[in-house]
Amino acid sequence: MPNPKRKFSTTRRDKRRTHDSIEAKPFTVCKVTDEIHLYHRAYVHGNDLYYKGKVLIEGYKKTKSTPTAE
């Protein structure tokens, strides 16, 4: 496995890593329910599932999907 002939400068290394930082995900507030949720994602408010301010499923029940070890 080849190794570098000389050490990379910290400036060069840091320029390469400028896009590696973690960014916060953008949240929005629904105008109908005032619920905070991620963009382009369905969300649960009460017992209903909403998307773009419209009810998709009434009486929606969240279920946890836990893997079972056998």
# chains A, B, ... in the order shown; residues from 1 in each chain; ligands from 1
call {"tool": "residues_around", "arguments": {"residues": "Arg41 (chain A)", "least_positions_apart": "3", "cutoff": "9 Å", "atoms": "only C-alpha atoms", "output": "PyMOL selection string"}}
result
chain A and resi 37-38+50-52
call {"tool": "write_last_selection", "arguments": {"atoms": "N, CA and C atoms", "output": "PDB file, in the first residue's frame"}}
result
ATOM      1  N   HIS A  37     -42.814  19.470  11.936  1.00  0.00           N
ATOM      2  CA  HIS A  37     -42.450  18.221  11.271  1.00  0.00           C
ATOM      3  C   HIS A  37     -41.400  18.488  10.210  1.00  0.00           C
ATOM      4  N   LEU A  38     -40.811  17.433   9.670  1.00  0.00           N
ATOM      5  CA  LEU A  38     -39.829  17.550   8.601  1.00  0.00           C
ATOM      6  C   LEU A  38     -40.533  17.834   7.279  1.00  0.00           C
ATOM      7  N   TYR A  50     -51.156  13.060   8.840  1.00  0.00           N
ATOM      8  CA  TYR A  50     -51.273  14.220   7.957  1.00  0.00           C
ATOM      9  C   TYR A  50     -50.103  14.275   6.985  1.00  0.00           C
ATOM     10  N   TYR A  51     -50.376  14.834   5.813  1.00  0.00           N
ATOM     11  CA  TYR A  51     -49.342  15.154   4.844  1.00  0.00           C
ATOM     12  C   TYR A  51     -49.801  16.363   4.047  1.00  0.00           C
ATOM     13  N   LYS A  52     -48.998  17.398   4.020  1.00  0.00           N
ATOM     14  CA  LYS A  52     -49.308  18.664   3.346  1.00  0.00           C
ATOM     15  C   LYS A  52     -50.628  19.263   3.847  1.00  0.00           C
TER      16      LYS A  52
END
call {"tool": "select_by_dssp", "arguments": {"residues": "chain A", "states": "strand (DSSP E or B)", "output": "NGL selection string"}}
result
:A and (27-29 or 36-38 or 43-45 or 48-51 or 54-57)
call {"tool": "select_by_dssp", "arguments": {"residues": "chain A", "states": "helix (DSSP H, G or I)", "output": "number ranges by chain"}}
result
A: 10-16, 18-20
call {"tool": "atom_distance", "arguments": {"atom1": "CA of Pro26 (chain A)", "atom2": "CA of Leu49 (chain A)"}}
result
20.0 Å
call {"tool": "residues_around", "arguments": {"residues": "Val44 (chain A)", "least_positions_apart": "4", "cutoff": "12 Å", "atoms": "only C-alpha atoms", "output": "MDAnalysis selection string"}}
result
chainID A and resid 30 33:38 48:63
call {"tool": "atom_distance", "arguments": {"atom1": "CA of His40 (chain A)", "atom2": "CA of Asp20 (chain A)"}}
result
24.0 Å
call {"tool": "atom_distance", "arguments": {"atom1": "CA of Tyr43 (chain A)", "atom2": "CA of Lys64 (chain A)"}}
result
14.9 Å
call {"tool": "decode", "arguments": {"residues": "region 36-54 of chain A", "atoms": "N, CA and C atoms", "output": "tab-separated table (two decimals), in the first residue's frame"}}
result
chain	number	residue	atom	x	y	z
A	36	ILE	N	-44.98	20.68	14.40
A	36	ILE	CA	-43.65	20.80	13.81
A	36	ILE	C	-43.27	19.45	13.21
A	37	HIS	N	-42.81	19.47	11.94
A	37	HIS	CA	-42.45	18.22	11.27
A	37	HIS	C	-41.40	18.49	10.21
A	38	LEU	N	-40.81	17.43	9.67
A	38	LEU	CA	-39.83	17.55	8.60
A	38	LEU	C	-40.53	17.83	7.28
A	39	TYR	N	-39.84	18.53	6.38
A	39	TYR	CA	-40.37	18.78	5.04
A	39	TYR	C	-40.61	17.46	4.31
A	40	HIS	N	-41.63	17.38	3.53
A	40	HIS	CA	-41.94	16.24	2.67
A	40	HIS	C	-42.06	14.92	3.43
A	41	ARG	N	-42.57	15.00	4.67
A	41	ARG	CA	-42.77	13.81	5.47
A	41	ARG	C	-44.17	13.83	6.07
A	42	ALA	N	-44.78	12.69	6.16
A	42	ALA	CA	-46.06	12.58	6.84
A	42	ALA	C	-45.82	12.61	8.35
A	43	TYR	N	-46.80	13.09	9.11
A	43	TYR	CA	-46.63	13.20	10.55
A	43	TYR	C	-47.95	12.90	11.23
A	44	VAL	N	-47.86	12.47	12.48
A	44	VAL	CA	-49.04	12.09	13.26
A	44	VAL	C	-49.40	13.25	14.18
A	45	HIS	N	-50.68	13.60	14.17
A	45	HIS	CA	-51.22	14.61	15.09
A	45	HIS	C	-52.51	14.04	15.65
A	46	GLY	N	-52.52	13.83	16.97
A	46	GLY	CA	-53.68	13.16	17.57
A	46	GLY	C	-53.68	11.71	17.13
A	47	ASN	N	-54.75	11.28	16.52
A	47	ASN	CA	-54.83	9.91	15.98
A	47	ASN	C	-54.94	9.91	14.47
A	48	ASP	N	-54.52	11.00	13.83
A	48	ASP	CA	-54.62	11.10	12.37
A	48	ASP	C	-53.23	11.28	11.77
A	49	LEU	N	-53.06	10.78	10.56
A	49	LEU	CA	-51.81	10.93	9.82
A	49	LEU	C	-52.01	12.03	8.79
A	50	TYR	N	-51.16	13.06	8.84
A	50	TYR	CA	-51.27	14.22	7.96
A	50	TYR	C	-50.10	14.28	6.99
A	51	TYR	N	-50.38	14.83	5.81
A	51	TYR	CA	-49.34	15.15	4.84
A	51	TYR	C	-49.80	16.36	4.05
A	52	LYS	N	-49.00	17.40	4.02
A	52	LYS	CA	-49.31	18.66	3.35
A	52	LYS	C	-50.63	19.26	3.85
A	53	GLY	N	-50.89	19.15	5.15
A	53	GLY	CA	-52.07	19.75	5.74
A	53	GLY	C	-53.35	18.98	5.52
A	54	LYS	N	-53.28	17.81	4.90
A	54	LYS	CA	-54.48	17.01	4.64
A	54	LYS	C	-54.40	15.69	5.39
